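Visitor: Before we start, here is the structure in question, set down as structure tokens.
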Amino acid sequence: MGKIALVIGATGLVGGHLVKQLTEATHISKVVTLTRRPITYHSDKVINHVINFDNLSQYSALFEADIVFSCLGTTKKTAGSVDAQRKVDFDYQLHAAQLAAKMGVEHYLLVSSSGANANSSSAYLKMKGELEDAVQALSFKRISVIQPSLLLGKRTNDFRIAEKVGSILLPVLCVIPRLKKYRPITGRQVAIKLTQISKQSGHGVEYFTLDALF
């Protein structure tokens, strides 16, 4: 019998591709997505639940799964402030991870960021690093942390000028050996790697840096 996968952030760049990959994966029998608005999928394997992320505890029963993929994320511009961004990138994700651990989920996969560090001077990289540290303190048998750099791909109603500029400049700059670790990667590539990791065996905490993703 296949496994049940739960995807948080299913409407994002990585999450959208991930749901498609999981519906085609033979080791997954059901895909549960938690979203803020209704989403229609072209697969009977997917079950969508519209929830209020401010009241995640009310939906604890939905976290009965074998694998949880956390792909949630936003930008300071979209959220409106650093505090509002942290609410999505840290608070929501940590609460979801805590519920997943409490419900006995064995494998937790977190899409983080290259350079994530709880001691970083960057507010974004700091919150990503703090989330990684907080998740590792939970009772998952296996934690897979994915650390991509700039993500490329078409986003829905979310134009990011920095990513547009980066998508043009970075591929050129990254021919320099020291800069290769910062080269961009598509959301689809990350989704494919996430699906592959979920199919493979493993235990403890494992990190997948950019070189491992390509």
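We name chains A, B, ... following the order of the structure tokens; residues begin at 1 in each chain, and ligands are numbered from 1 as shown.
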Go through stretch 72-153 of chain A and collect every residue that DSSP, computed from the backbone, puts in strand (DSSP E); the answer should be as a list in words.

Guide: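 Answer for stretch 72-153 of chain A, restricted to strand (DSSP E): His107, Tyr108, Leu109, Leu110, Val111, Arg142, Ile143, Ser144, Val145, Ile146, Leu151 and Leu152 of chain A.
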
Visitor: Limited to N, CA, C and O atoms, could you put the picked residues into a file as a PDB file, in the first residue's frame?

Guide:
```
ATOM      1  N   HIS A 107       8.406  11.054   8.392  1.00  0.00           N
ATOM      2  CA  HIS A 107       9.348  11.762   7.511  1.00  0.00           C
ATOM      3  C   HIS A 107       8.865  13.169   7.225  1.00  0.00           C
ATOM      4  O   HIS A 107       7.766  13.374   6.711  1.00  0.00           O
ATOM      5  N   TYR A 108       9.692  14.150   7.566  1.00  0.00           N
ATOM      6  CA  TYR A 108       9.366  15.555   7.368  1.00  0.00           C
ATOM      7  C   TYR A 108      10.390  16.163   6.417  1.00  0.00           C
ATOM      8  O   TYR A 108      11.600  16.069   6.654  1.00  0.00           O
ATOM      9  N   LEU A 109       9.912  16.755   5.317  1.00  0.00           N
ATOM     10  CA  LEU A 109      10.790  17.387   4.341  1.00  0.00           C
ATOM     11  C   LEU A 109      10.540  18.885   4.328  1.00  0.00           C
ATOM     12  O   LEU A 109       9.408  19.337   4.125  1.00  0.00           O
ATOM     13  N   LEU A 110      11.591  19.662   4.553  1.00  0.00           N
ATOM     14  CA  LEU A 110      11.479  21.115   4.653  1.00  0.00           C
ATOM     15  C   LEU A 110      12.244  21.785   3.521  1.00  0.00           C
ATOM     16  O   LEU A 110      13.439  21.542   3.333  1.00  0.00           O
ATOM     17  N   VAL A 111      11.564  22.632   2.765  1.00  0.00           N
ATOM     18  CA  VAL A 111      12.227  23.435   1.748  1.00  0.00           C
ATOM     19  C   VAL A 111      12.708  24.714   2.428  1.00  0.00           C
ATOM     20  O   VAL A 111      11.911  25.573   2.789  1.00  0.00           O
ATOM     21  N   ARG A 142      12.841  10.924  10.632  1.00  0.00           N
ATOM     22  CA  ARG A 142      13.686  11.386   9.534  1.00  0.00           C
ATOM     23  C   ARG A 142      13.306  12.809   9.140  1.00  0.00           C
ATOM     24  O   ARG A 142      12.126  13.130   8.993  1.00  0.00           O
ATOM     25  N   ILE A 143      14.304  13.659   8.999  1.00  0.00           N
ATOM     26  CA  ILE A 143      14.103  15.042   8.578  1.00  0.00           C
ATOM     27  C   ILE A 143      15.018  15.323   7.399  1.00  0.00           C
ATOM     28  O   ILE A 143      16.232  15.125   7.479  1.00  0.00           O
ATOM     29  N   SER A 144      14.431  15.770   6.297  1.00  0.00           N
ATOM     30  CA  SER A 144      15.205  16.107   5.099  1.00  0.00           C
ATOM     31  C   SER A 144      15.072  17.608   4.856  1.00  0.00           C
ATOM     32  O   SER A 144      13.972  18.108   4.626  1.00  0.00           O
ATOM     33  N   VAL A 145      16.199  18.310   4.926  1.00  0.00           N
ATOM     34  CA  VAL A 145      16.209  19.759   4.731  1.00  0.00           C
ATOM     35  C   VAL A 145      16.786  20.066   3.351  1.00  0.00           C
ATOM     36  O   VAL A 145      17.924  19.707   3.050  1.00  0.00           O
ATOM     37  N   ILE A 146      15.995  20.721   2.527  1.00  0.00           N
ATOM     38  CA  ILE A 146      16.394  21.061   1.168  1.00  0.00           C
ATOM     39  C   ILE A 146      16.805  22.526   1.136  1.00  0.00           C
ATOM     40  O   ILE A 146      16.049  23.388   1.577  1.00  0.00           O
ATOM     41  N   LEU A 151      15.117  30.423  -6.798  1.00  0.00           N
ATOM     42  CA  LEU A 151      14.161  29.541  -7.459  1.00  0.00           C
ATOM     43  C   LEU A 151      13.593  30.205  -8.709  1.00  0.00           C
ATOM     44  O   LEU A 151      13.112  31.343  -8.652  1.00  0.00           O
ATOM     45  N   LEU A 152      13.657  29.479  -9.803  1.00  0.00           N
ATOM     46  CA  LEU A 152      13.141  30.000 -11.067  1.00  0.00           C
ATOM     47  C   LEU A 152      11.856  29.278 -11.451  1.00  0.00           C
ATOM     48  O   LEU A 152      11.667  28.116 -11.130  1.00  0.00           O
TER      49      LEU A 152
END
```

Visitor: Fewer than 5 positions away in the same chain doesn't count, so skip those; otherwise give me all residues within 8 Å of stretch 91-101 of chain A, counting only C-alpha atoms, as a list of chain:residue names.

Guide: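 Counting only C-alpha atoms, the residues come to A:Phe53, A:Asp54, A:Leu56, A:Ser57, A:Ser60, A:Phe63, A:Glu64, A:Ala65, A:Val68, A:Ser70, A:Leu72, A:Arg86, A:Glu106, A:Tyr108, A:Leu131, A:Ala134, A:Val135, A:Leu138, A:Ser139, A:Phe140.
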
Visitor: Export, as a JSON list (two decimals), in the first residue's frame, the selected residues with N, CA, C and O atoms.

Guide:
```json
[["chain", "number", "residue", "atom", "x", "y", "z"],
["A", 53, "PHE", "N", -4.67, 29.19, 8.49],
["A", 53, "PHE", "CA", -3.37, 28.89, 9.08],
["A", 53, "PHE", "C", -3.17, 29.55, 10.45],
["A", 53, "PHE", "O", -2.28, 29.17, 11.20],
["A", 54, "ASP", "N", -4.00, 30.53, 10.76],
["A", 54, "ASP", "CA", -3.91, 31.15, 12.09],
["A", 54, "ASP", "C", -4.49, 30.23, 13.17],
["A", 54, "ASP", "O", -4.28, 30.47, 14.35],
["A", 56, "LEU", "N", -4.27, 26.58, 13.10],
["A", 56, "LEU", "CA", -3.84, 25.27, 12.64],
["A", 56, "LEU", "C", -4.24, 24.13, 13.57],
["A", 56, "LEU", "O", -4.52, 23.02, 13.13],
["A", 57, "SER", "N", -4.28, 24.40, 14.86],
["A", 57, "SER", "CA", -4.60, 23.34, 15.83],
["A", 57, "SER", "C", -5.96, 22.71, 15.58],
["A", 57, "SER", "O", -6.19, 21.55, 15.92],
["A", 60, "SER", "N", -5.71, 19.42, 13.32],
["A", 60, "SER", "CA", -4.68, 18.44, 13.67],
["A", 60, "SER", "C", -4.93, 17.07, 13.05],
["A", 60, "SER", "O", -3.99, 16.36, 12.68],
["A", 63, "PHE", "N", -3.30, 16.01, 9.79],
["A", 63, "PHE", "CA", -1.87, 15.74, 9.77],
["A", 63, "PHE", "C", -1.56, 14.25, 9.95],
["A", 63, "PHE", "O", -0.40, 13.88, 10.18],
["A", 64, "GLU", "N", -2.57, 13.41, 9.84],
["A", 64, "GLU", "CA", -2.34, 11.96, 9.87],
["A", 64, "GLU", "C", -1.79, 11.55, 8.51],
["A", 64, "GLU", "O", -2.55, 11.31, 7.57],
["A", 65, "ALA", "N", -0.50, 11.47, 8.41],
["A", 65, "ALA", "CA", 0.15, 11.15, 7.14],
["A", 65, "ALA", "C", 1.46, 10.42, 7.41],
["A", 65, "ALA", "O", 1.91, 10.34, 8.56],
["A", 68, "VAL", "N", 5.37, 14.48, 5.34],
["A", 68, "VAL", "CA", 4.92, 15.87, 5.24],
["A", 68, "VAL", "C", 5.97, 16.68, 4.49],
["A", 68, "VAL", "O", 7.16, 16.63, 4.81],
["A", 70, "SER", "N", 6.93, 20.51, 3.60],
["A", 70, "SER", "CA", 6.65, 21.90, 3.97],
["A", 70, "SER", "C", 7.34, 22.82, 2.96],
["A", 70, "SER", "O", 8.55, 22.99, 2.97],
["A", 72, "LEU", "N", 6.00, 26.02, 2.29],
["A", 72, "LEU", "CA", 5.37, 27.33, 2.49],
["A", 72, "LEU", "C", 6.43, 28.44, 2.52],
["A", 72, "LEU", "O", 7.53, 28.24, 3.02],
["A", 86, "ARG", "N", 7.67, 36.60, 8.70],
["A", 86, "ARG", "CA", 8.08, 35.60, 9.68],
["A", 86, "ARG", "C", 6.89, 34.74, 10.12],
["A", 86, "ARG", "O", 7.04, 33.56, 10.40],
["A", 106, "GLU", "N", 6.44, 10.24, 10.26],
["A", 106, "GLU", "CA", 7.81, 9.75, 10.36],
["A", 106, "GLU", "C", 8.81, 10.58, 9.56],
["A", 106, "GLU", "O", 9.93, 10.79, 10.01],
["A", 108, "TYR", "N", 9.69, 14.15, 7.57],
["A", 108, "TYR", "CA", 9.37, 15.55, 7.37],
["A", 108, "TYR", "C", 10.39, 16.16, 6.42],
["A", 108, "TYR", "O", 11.60, 16.07, 6.65],
["A", 131, "LEU", "N", 14.16, 28.08, 11.87],
["A", 131, "LEU", "CA", 13.16, 27.04, 11.61],
["A", 131, "LEU", "C", 13.83, 25.67, 11.50],
["A", 131, "LEU", "O", 13.34, 24.69, 12.04],
["A", 134, "ALA", "N", 14.64, 24.52, 14.98],
["A", 134, "ALA", "CA", 13.45, 24.18, 15.76],
["A", 134, "ALA", "C", 12.85, 22.85, 15.32],
["A", 134, "ALA", "O", 12.42, 22.04, 16.15],
["A", 135, "VAL", "N", 12.84, 22.59, 14.03],
["A", 135, "VAL", "CA", 12.28, 21.35, 13.50],
["A", 135, "VAL", "C", 13.11, 20.15, 13.95],
["A", 135, "VAL", "O", 12.58, 19.08, 14.25],
["A", 138, "LEU", "N", 12.19, 18.27, 17.09],
["A", 138, "LEU", "CA", 10.94, 17.51, 17.13],
["A", 138, "LEU", "C", 11.19, 16.02, 16.92],
["A", 138, "LEU", "O", 12.27, 15.61, 16.49],
["A", 139, "SER", "N", 10.17, 15.22, 17.19],
["A", 139, "SER", "CA", 10.34, 13.76, 17.26],
["A", 139, "SER", "C", 10.13, 13.02, 15.94],
["A", 139, "SER", "O", 9.52, 11.96, 15.91],
["A", 140, "PHE", "N", 10.63, 13.58, 14.84],
["A", 140, "PHE", "CA", 10.54, 12.88, 13.56],
["A", 140, "PHE", "C", 11.65, 11.84, 13.47],
["A", 140, "PHE", "O", 12.77, 12.08, 13.91]]
```

Visitor: Neighbours of A:Asn52 within 10 Å (only C-alpha atoms; same-chain residues fewer than 2 positions away dropped), as an NGL selection string?

Guide: :A and (34-37 or 49-50 or 54-59)

Visitor: Between atom CA of A:Phe208 and atom CA of A:Lys193, what is the spacing in Å?

Guide: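 Distance between the two atoms: 9.4 Å.
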
Visitor: Of the candidates A:Phe214, A:Phe69, A:Tyr207, A:Tyr41, which shows the shortest atom-to-atom distance to A:Lys20, using only C-alpha atoms?

Guide: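 Nearest to A:Lys20: A:Tyr41.
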
Visitor: By how many Å are atom CA of A:Ala25 and atom CA of A:Gly73 apart?

Guide: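 Interatomic distance, atom CA of A:Ala25 to atom CA of A:Gly73: 24.3 Å.
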
Visitor: Write out as a PyMOL selection string the set of residues from chain A that DSSP, computed on the backbone, places in helix (DSSP H, G or I).

Guide: chain A and resi 13-24+53-63+76-79+82-102+123-136+161-173+177-182+187-199+210-213

Visitor: Using the selection just defined, write its residues with C-alpha atoms as a tab-separated table (two decimals), in the first residue's frame.

Guide:
```tsv
chain	number	residue	atom	x	y	z
A	13	LEU	CA	6.33	27.49	-7.08
A	14	VAL	CA	7.80	24.31	-5.59
A	15	GLY	CA	4.58	23.04	-4.02
A	16	GLY	CA	2.61	23.22	-7.26
A	17	HIS	CA	5.17	21.13	-9.12
A	18	LEU	CA	5.50	18.79	-6.14
A	19	VAL	CA	1.81	17.87	-6.09
A	20	LYS	CA	2.02	16.93	-9.76
A	21	GLN	CA	5.13	14.80	-9.15
A	22	LEU	CA	3.50	13.04	-6.20
A	23	THR	CA	0.36	12.18	-8.17
A	24	GLU	CA	2.60	10.36	-10.65
A	53	PHE	CA	-3.37	28.89	9.08
A	54	ASP	CA	-3.91	31.15	12.09
A	55	ASN	CA	-5.87	28.29	13.69
A	56	LEU	CA	-3.84	25.27	12.64
A	57	SER	CA	-4.60	23.34	15.83
A	58	GLN	CA	-8.20	22.95	14.68
A	59	TYR	CA	-6.98	20.82	11.79
A	60	SER	CA	-4.68	18.44	13.67
A	61	ALA	CA	-6.53	15.38	12.34
A	62	LEU	CA	-5.48	16.34	8.80
A	63	PHE	CA	-1.87	15.74	9.77
A	76	LYS	CA	8.69	40.71	2.74
A	77	LYS	CA	7.11	42.64	-0.16
A	78	THR	CA	4.15	40.27	-0.45
A	79	ALA	CA	3.65	39.96	3.32
A	82	VAL	CA	9.43	41.32	8.15
A	83	ASP	CA	7.12	40.36	11.04
A	84	ALA	CA	4.33	39.35	8.64
A	85	GLN	CA	6.81	37.36	6.56
A	86	ARG	CA	8.08	35.60	9.68
A	87	LYS	CA	4.52	34.61	10.54
A	88	VAL	CA	4.36	32.59	7.30
A	89	ASP	CA	7.97	31.47	6.95
A	90	PHE	CA	8.50	30.53	10.60
A	91	ASP	CA	5.37	30.50	12.78
A	92	TYR	CA	3.02	28.66	10.42
A	93	GLN	CA	5.64	26.14	9.39
A	94	LEU	CA	6.83	25.38	12.91
A	95	HIS	CA	3.26	24.94	14.16
A	96	ALA	CA	2.54	22.60	11.27
A	97	ALA	CA	5.70	20.61	12.01
A	98	GLN	CA	4.74	20.34	15.68
A	99	LEU	CA	1.29	18.99	14.75
A	100	ALA	CA	2.84	16.54	12.30
A	101	ALA	CA	5.26	15.25	14.92
A	102	LYS	CA	2.45	14.92	17.46
A	123	ALA	CA	16.35	38.49	8.60
A	124	TYR	CA	15.30	36.02	5.92
A	125	LEU	CA	18.24	33.63	6.32
A	126	LYS	CA	18.01	33.97	10.09
A	127	MET	CA	14.36	32.85	10.22
A	128	LYS	CA	15.12	29.99	7.83
A	129	GLY	CA	17.98	28.86	10.06
A	130	GLU	CA	15.88	29.17	13.20
A	131	LEU	CA	13.16	27.04	11.61
A	132	GLU	CA	15.67	24.35	10.66
A	133	ASP	CA	16.95	24.25	14.25
A	134	ALA	CA	13.45	24.18	15.76
A	135	VAL	CA	12.28	21.35	13.50
A	136	GLN	CA	15.30	19.23	14.40
A	161	ILE	CA	11.79	41.72	-9.59
A	162	ALA	CA	14.83	40.44	-7.68
A	163	GLU	CA	14.24	36.94	-8.98
A	164	LYS	CA	13.73	38.24	-12.52
A	165	VAL	CA	17.04	40.09	-12.45
A	166	GLY	CA	18.76	37.16	-10.74
A	167	SER	CA	17.48	34.70	-13.32
A	168	ILE	CA	19.26	36.74	-15.99
A	169	LEU	CA	22.52	37.55	-14.18
A	170	LEU	CA	23.23	34.49	-12.05
A	171	PRO	CA	23.50	31.88	-14.82
A	172	VAL	CA	26.21	34.11	-16.34
A	173	LEU	CA	28.03	34.86	-13.09
A	177	PRO	CA	33.71	28.23	-9.74
A	178	ARG	CA	33.28	30.05	-6.43
A	179	LEU	CA	29.80	31.21	-7.38
A	180	LYS	CA	28.43	27.88	-8.61
A	181	LYS	CA	26.80	27.15	-5.25
A	182	TYR	CA	24.58	30.20	-5.80
A	187	GLY	CA	10.92	24.89	-8.80
A	188	ARG	CA	10.29	21.75	-10.86
A	189	GLN	CA	13.84	20.50	-10.25
A	190	VAL	CA	13.37	20.90	-6.50
A	191	ALA	CA	10.00	19.13	-6.65
A	192	ILE	CA	11.52	16.20	-8.52
A	193	LYS	CA	14.29	15.91	-5.93
A	194	LEU	CA	11.78	16.07	-3.06
A	195	THR	CA	9.82	13.21	-4.60
A	196	GLN	CA	12.98	11.16	-5.09
A	197	ILE	CA	14.06	11.71	-1.48
A	198	SER	CA	10.65	10.63	-0.18
A	199	LYS	CA	10.99	7.37	-2.07
A	210	LEU	CA	22.38	22.97	-4.14
A	211	ASP	CA	25.00	20.58	-5.55
A	212	ALA	CA	22.92	17.61	-4.36
A	213	LEU	CA	19.80	19.01	-6.00
```
